[in-house]
Structure formats: C-alpha cells, structure tokens
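K.L.:
Could you have a look at this structure, given as structure tokens, before my questions?
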Amino acid sequence: MEQKGNADGRQVLLAGKALSQLPVPGLRAKRGHSDENQPPTEQKRARRLPVPTRRVAASIATSCSKASAAAAIPRTQRADIVRRPVPVAAVPKMAAPALAAGNEGKKRAAWDLKGQLSDMRTKVSSYKDKVQRLDGENQQLKRQLQEQVVQNQELSSQVSTLSSALHTCQEQAQQRLHKVMELSDLKQQLEEQVTSHSRTIRQLEGTKRDLSSLLETREVKLKLVEDGLAQRECENKELRGQVAAQLQVMTQQEERLHHLEMERRRLHNLVQELKGNIRVFCRVRPLLAWEERQTGLEHLHFPLQDNKALVLSKVEESHFGRDRKGDVKYDFIFDRVFSPACSQEEVFEEIALLVQSALDGYNVCIFAYGQTGSGKTYTMEGPDDMSPETMGMIPRAVRQVFQGAQELEPKGWQYRFTANFLEIYNESLRDLLVGRPERGAELEIKRVSQSSEELHVPNLRYVPVDSEDEVLKLLQTAKANRSVAKTALNDRSSRSHSLFQLRIEGWNRSRDLHSVSVLSLVDLAGSERLDKSFSKGERLRETQAINTSLSTLGLVIMALSNKEPHIPYRNSKLTYLLQNSLGGNSKMLMFVNISPLEENLSESLNSLRFASKVNECVIGTAQANRK
C-alpha cells in the first residue's frame with residue numbers, strides 16, 4: 001500500500017506540471033476576455049476524492065470490519081470463517097465526508113492548486129500512517145485469528161475424542177443396563193425356582209414320611225415272603241429234579257423221533273422203489289369248447305375198474321372198398337392213467353410222495369412228453385390266468401417243498417433253496433429269468449469240479465428263494481420270456497424245452513447230517529411230424545432240433561435200462577443237463593400227454609408206445625445225497 005501511495009503522489013505531481021493544458025475537475029469552464037479581471041467562484045458541487053484515496057479508504061474499512069467481525073465470532077466457529085473468504089460486498093463502505101474531515105475547517109480556493117496539492121500530500125501522508133498502523137493491527141489480528149484457529153482445531157480434536165469416548169461410554173452403559181436387566185430377570189427366575197424347590201422339598205418330605213411308614217409295612221410283608229420263598233425253594237428243588245427227569249425223557253423222545261423220521265424216509269423210499277424209479281403217468285387232456293362240437297371221445301376207453309389202463313380203438317377200412325373191417329384196439333398199461341375229467345389236484349396227489357423224496361435228499365426229475373397241443377404246459381405250469389384249482393405241477397411241488405421244510409424245522413432240519421429256470425432252444429441254452437436284451441454270451445454246461453459229478457451252468461442266474469411267492473414270480477417271468485410260435489398243429493406251440501430246477505440243501509447240525517438234492521421239473525417241447533406240421537425255414541429247424549433231442553432222451557433211457565457201459569448223455573443238451581437226474585441215483589417220472597382228438601390218433605399212438613418202452617425200463621436203486 002505504501003508503494004501504491006507513492007505511485008499516486010507521482011501521478012499528482014505530473015498532473016500539476018501539466019496544469020495549464022488539462023482541465024481541473026470541480027472548476028468552472030474558462031472565462032472569456034470580458035471576465036478575466038473578475039475573481040474565480042467555487043463550484044458548489046462536492047469535489048470527488050482521487051482514486052488512490054478511495055482505494056485506501058476501502059482497504060481500511062475492510063480491515064476494520066474483518067477485525068470487529070473476528071472478535072465477535074466464537075472460537076469454535078472461527079476455523080470455518082478462516083476457510084471461507086468474506087465477500088467484498090459484505091464490507092460496509094466509508095462515507096466520503098469522513099475522508100475530508102481534515103479540510104472542513106479551512107477550504108482553499110479552486111484556483112489555489114498548489115495549496116490543494118500540499119493538502120493532498122498531507123492527507124496522503126496521514127493516510128499512509130493510518131494504513132501502516134491498520135496494516136500492523138490487521139497482521140496482529142491475523143496472528144491472533146490463526147492462534148484462535150489452531151486452538152479451535154485442538155478443541156475440535158478434543159471434542160471429537162471426547163465424543164467418541166462419550167459414545168463408547170454410552171454403549172457400555174447400555175450393555176451394563178442390558179446385563180442388569182438380564183440379571184434382574186435371572187434373579188426373578190431363581191427366586192421362582194427357589195420357591196418351587198421349597199414347595200417340592202416340602203412335598204418330598206411328606207412323601208418320605210409316607211414311604212417310611214410304607215417301608216415298615218413292606219418289611220413286615222417281606223419277612224413273610226422270605227418265609228414263603230424258603231418253602232418255595234424246597235418245592236423248586238423237587239421240581240428241578242422232575243424237570244431233569246423230563247429232559248432225559250425228552251431227549252429219549254427226540255432220539256426216538258429222529259429214528260422214526262429216518263425210518264419213515266427209508267420206508268418212503270422203499271415204497272417209491274417198489275413203484276419203480278422210472279414211472280410213467282398218462283394224461284388225456286379234455287376237449288376244448290370248439291372241439292366238443294366237432295368230435296367225441298369214442299376212440300378212447302378208460303376201464304372203470306382199472307385206473308392204469310387205456311384202450312385206443314381205430315376203425316379199419318377194406319383196401320378193396322369202403323366196407324368196414326372192424327375196430328383195431330391198442331391196449332396200454334401205465335402206473336396211472338388220468339382221464340380228461342381228472343383235475344390238477346388229483347394229478348398232483350399221485351406225485352406228491354415223489355416230491356417228498358426230493359426233500360429227503362434224492363434227485364427227482366418229472367417231465368411231460370407228448371405231441372404239440374396235448375396239454376404239457378398246462379399240466380406242468382397251469383394256464384395263464386392261474387387259480388388255486390388250476391395250478392400246475394411246478395407251483396404245487398414248490399408249495400409242498402416249503403411246507404415240508406417248515407414241518408421239519410422242529411426236528412432240527414434247516415433248508416436253503418436256490419432256483420433257476422432255463423430253456424433249450426435249437427440246442428442252445430437260454431436263461432428265462434433274464435430278458436432277451438440282457439442276455440450275454442451263450443451258456444455252457446460244465447462240471448462243478450473234476451472230482452464231482454455235479455453239473456452247473458456258468459453265467460446262469462441262480463436265485464435264492466425263501467417262500468412260495470418268490471418262486472411264483474420267477475415262474476411268471478420265465479413264462480413271459482419262453483420261445484413260442486404258431487404252427488399248423490398249434491396256435492401257441494412251445495418251441496423249446498423248459499427246465500425248472502430247485503436245489504434243496506438241508507442241515508441237521510445236532511445230528512451232523514447234511515443233504516443236497518435237485519428237483520427238476522421239465523416241460524418238453526411237443527413232438528411233431530414234418531409231413532403234418534408243414535414247417536419251413538426257422539420252424540423246420542426248430543422241429544428237427546426238438547425231435548432229435550427227444551430221440552436222444554429215449555436212447556439214454558434205453559441205455560440206462562440195458563445197463564450199457566456208455567450212456568449217450570452228451571448227444572443232446574437236454575440229456576446232458578439232466579444227467580444226474582436220469583441215472584441210477586435219482587427218481588424219475590414221465591407224464592405222457594395225448595390229445596383227445598381222433599385226428600391225432602397216430603401221434604397219440606407214437607407217444608404211448610414210447611412211454612410204454614420207458615415204463616418197462618429199470619434203472620436201479622436210487623441213493624440219497626447225504627453226508
């Protein structure tokens with residue numbers, strides 16, 4: 001500001017040197033020649049201060065305003081004021097008369113420029129002193145303001161610290177208040193528990209008194225009971241002696257019962273041997289509804305007094321004309337003949353004792369033989385909509401085996417059963433318990449070991465069974481998977497031999513007895529004559545395979561009967577698989593099924609003649625598989 005004032009003074013001096021050329025503000029215009037000798041007159045309007053003077057005055061006013069404003073503001077708010085600049089418009093301006101207060105006493109004439117310049121210099125000098133003084137005061141006020149700002153910042157930091165400490169104290173106070181409330185609730189709960197326990201203690205004390213009195217009563221009764229117990233001990237000693245005697249009698253009875261069971265088995269087997277280890281039953285199926293309207297049973301005769309005989313008659317015609325020569329009769333004798341009126345239950349009653357032999361440890365084989373459509377599958381398995389009255393031999397045999405095993409449990413026998421079901425189609429084995437898409441490689445027959453005669457089929461599904469229902473489910477699965485086809489002689493002809501085997505393994509650990517047997521139930525495929533079946537292609541190959549395997553079965557049975565050194569078991573998969581069930585250590589029964597239709601008389605005669613040859617065979621005495 002001092003430099004600024006010097007610059008203003010130099011401007012005034014320069015203005016005085018050029019006074020004759022420039023007009024002076026505030027003076028009147030130049031007079032004419034007529035008014036030269038007249039003294040000049042002052043202008044009535046107020047004279048304006050020079051620009052530098054106004055700037056100095058404004059700066060002084062601003063400094064004063066800032067100082068007074070800073071003194072009036074509290075210390076906590078001065079930091080914010082220092083940060084924010086004060087607008088110039090907010091500072092009040094000093095009035096112009098205040099600057100000219102020094103010249104009010106004496107006014108110079110307008111034409112006295114030197115005097116005015118001297119006055120102006122004096123004023124400028126005083127203003128400079130004032131500006132320097134005010135500048136010092138302003139600097140002092142700034143230092144004071146900075147000190148106040150620093151103090152304010154320190155106070156603000158302390159306030160922030162104290163605020164956080166206050167907040168922490170408040171939180172701790174809230175937590176302690178919450179704990180106090182929890183402790184108050186806990187105290188109330190404990191007081192309630194103490195009250196409840198006190199009440200319980202009083203009740204228990206009362207109960208204790210009651211129990212004490214009851215205990216005294218019980219002690220008296222206990223003494224009486226001890227006296228009675230001593231008496232009972234004496235009686236018990238006598239009873240133990242009686243029980244020991246009864247146990248000895250029971251042991252003797254069990255021993256006698258075991259001997260009776262073994263004697264029953266021996267006599268049962270003797271009866272079966274007397275009946276023959278190879279037995280043949282003949283069954284004539286009944287006429288179907290549509291067959292009854294076309295033919296009768298005049299060619300079949302069942303003697304009333306003999307249920308083992310069957311007579312077939314055939315009308316012979318003359319070779320030279322149509323004159324009737326007479327009836328030709330064919331008599332057949334079997335172990336049992338079943339007429340079309342016989343039910344499934346009557347048929348099974350005749351083989352029930354043979355099934356019992358399988359449970360006693362003998363290999364048993366039952367198979368149905370006959371032409372296609374003669375009722376073999378119905379006899380062995382039953383119809384598709386099977387009922388308790390129409391159940392075939394296989395489900396009935398399984399039922400008897402499980403019932404017999406339950407009856408033998410009290411005698412110390414335990415059994416384990418394993419079932420499998422397969423078919424022999426075109427001399428290849430197929431597992432009927434596995435669907436066709438799941439079948440793997442071709443099955444083969446092998447020995448269990450080199451030292452054993454027992455045969456098995458690797459990769460065949462052997463299913464452990466524990467009840468009759470489980471076996472019936474397997475039979476349904478096998479029936480759905482069996483190979484059948486339509487031929488000229490039968491709309492639903494079985495094109496394979498089906499073989500169901502139930503392996504029976506029994507233990508009597510108390511007697512150290514162990515038995516293993518196999519019950520084989522076979523539904524053979526129907527024999528057909530090629531000239532009547534009109535088979536072609538695949539059907540022809542099936543018929544040839546069926547007839548070959550049946551012929552091999554007849555040869556094996558004849559070889560066994562003649563006691564030939566070589567038995568051709570391996571000529572057919574059927575006879576090879578049934579090797580252990582056809583030999584001398586097994587019992588065998590054959591159903592020969594014939595059709596009641598007269599048009600099938602020639603096929604029926606062939607089947608009956610084959611069955612008669614089998615019935616004449618004697619294969620020796622069967623042996624039980626016991627260890």
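Order determines the names: the first chain of the structure tokens is A, the second B, and so forth; residues in each chain are numbered 1 upward, and ligands are numbered 1 upward as they are shown.
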Just asking: which residues within range 339-421 of chain A are strand (DSSP E) according to DSSP, as a PyMOL selection string?
P.N.:
chain A and resi 363-370+414-421
K.L.:
Save the residues we just selected, N, CA and C atoms, as a compact mmCIF listing (two decimals), in the first residue's frame?
P.N.:
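Okay, part.txt is ready:
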```
# COMPACT_ATOMS: atom_id res chain seq x y z
N ASN A 363 -32.38 -136.93 -5.83
CA ASN A 363 -32.61 -136.17 -7.06
C ASN A 363 -33.89 -136.69 -7.71
N VAL A 364 -34.79 -135.79 -8.05
CA VAL A 364 -36.08 -136.14 -8.62
C VAL A 364 -36.25 -135.36 -9.92
N CYS A 365 -36.71 -136.09 -10.97
CA CYS A 365 -36.95 -135.45 -12.27
C CYS A 365 -38.35 -135.83 -12.73
N ILE A 366 -39.15 -134.80 -13.01
CA ILE A 366 -40.51 -135.00 -13.53
C ILE A 366 -40.60 -134.22 -14.84
N PHE A 367 -40.96 -134.91 -15.94
CA PHE A 367 -41.07 -134.19 -17.20
C PHE A 367 -42.32 -134.65 -17.94
N ALA A 368 -42.83 -133.76 -18.79
CA ALA A 368 -44.04 -134.00 -19.58
C ALA A 368 -43.63 -134.19 -21.04
N TYR A 369 -44.12 -135.29 -21.63
CA TYR A 369 -43.78 -135.65 -23.01
C TYR A 369 -45.07 -135.80 -23.80
N GLY A 370 -45.05 -135.44 -25.07
CA GLY A 370 -46.21 -135.63 -25.93
C GLY A 370 -46.15 -134.70 -27.12
N GLN A 414 -32.83 -127.58 8.84
CA GLN A 414 -32.88 -126.25 8.22
C GLN A 414 -32.51 -126.41 6.75
N TYR A 415 -33.21 -125.61 5.90
CA TYR A 415 -33.04 -125.77 4.45
C TYR A 415 -32.73 -124.43 3.79
N ARG A 416 -32.00 -124.56 2.68
CA ARG A 416 -31.71 -123.41 1.81
C ARG A 416 -32.07 -123.81 0.38
N PHE A 417 -32.81 -122.91 -0.31
CA PHE A 417 -33.33 -123.22 -1.65
C PHE A 417 -32.75 -122.23 -2.66
N THR A 418 -32.40 -122.77 -3.83
CA THR A 418 -31.90 -121.96 -4.94
C THR A 418 -32.60 -122.41 -6.21
N ALA A 419 -33.17 -121.44 -6.94
CA ALA A 419 -33.97 -121.76 -8.13
C ALA A 419 -33.31 -121.20 -9.39
N ASN A 420 -33.51 -121.90 -10.51
CA ASN A 420 -33.12 -121.40 -11.82
C ASN A 420 -34.12 -121.92 -12.84
N PHE A 421 -34.26 -121.21 -13.95
CA PHE A 421 -35.23 -121.57 -14.98
C PHE A 421 -34.59 -121.25 -16.32
```
K.L.:
Using only C-alpha atoms, find the one residue out of A:Ala173, A:Ala309, A:Ala478, A:Val448 that sits nearest to Arg461 in chain A.
P.N.:
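Of A:Ala173, A:Ala309, A:Ala478, A:Val448, the one nearest Arg461 in chain A is A:Ala478, counting only C-alpha atoms.
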K.L.:
Suppose you want the space between CA of His497 in chain A and CA of Ile278 in chain A; what is it in Å?
P.N.:
20.1 Å
K.L.:
Using DSSP secondary structure from the backbone, list all helix (DSSP H, G or I) positions within range 557-626 of chain A, as a PyMOL selection string.
P.N.:
chain A and resi 557-561+569-571+573-577+579-582+598-615
K.L.:
So, counting only C-alpha atoms, which residue among A:Glu219, A:Glu192, A:Glu470, A:Glu442 is closest to Val398 in chain A?
P.N.:
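For Val398 in chain A, the nearest of the candidates is A:Glu470.
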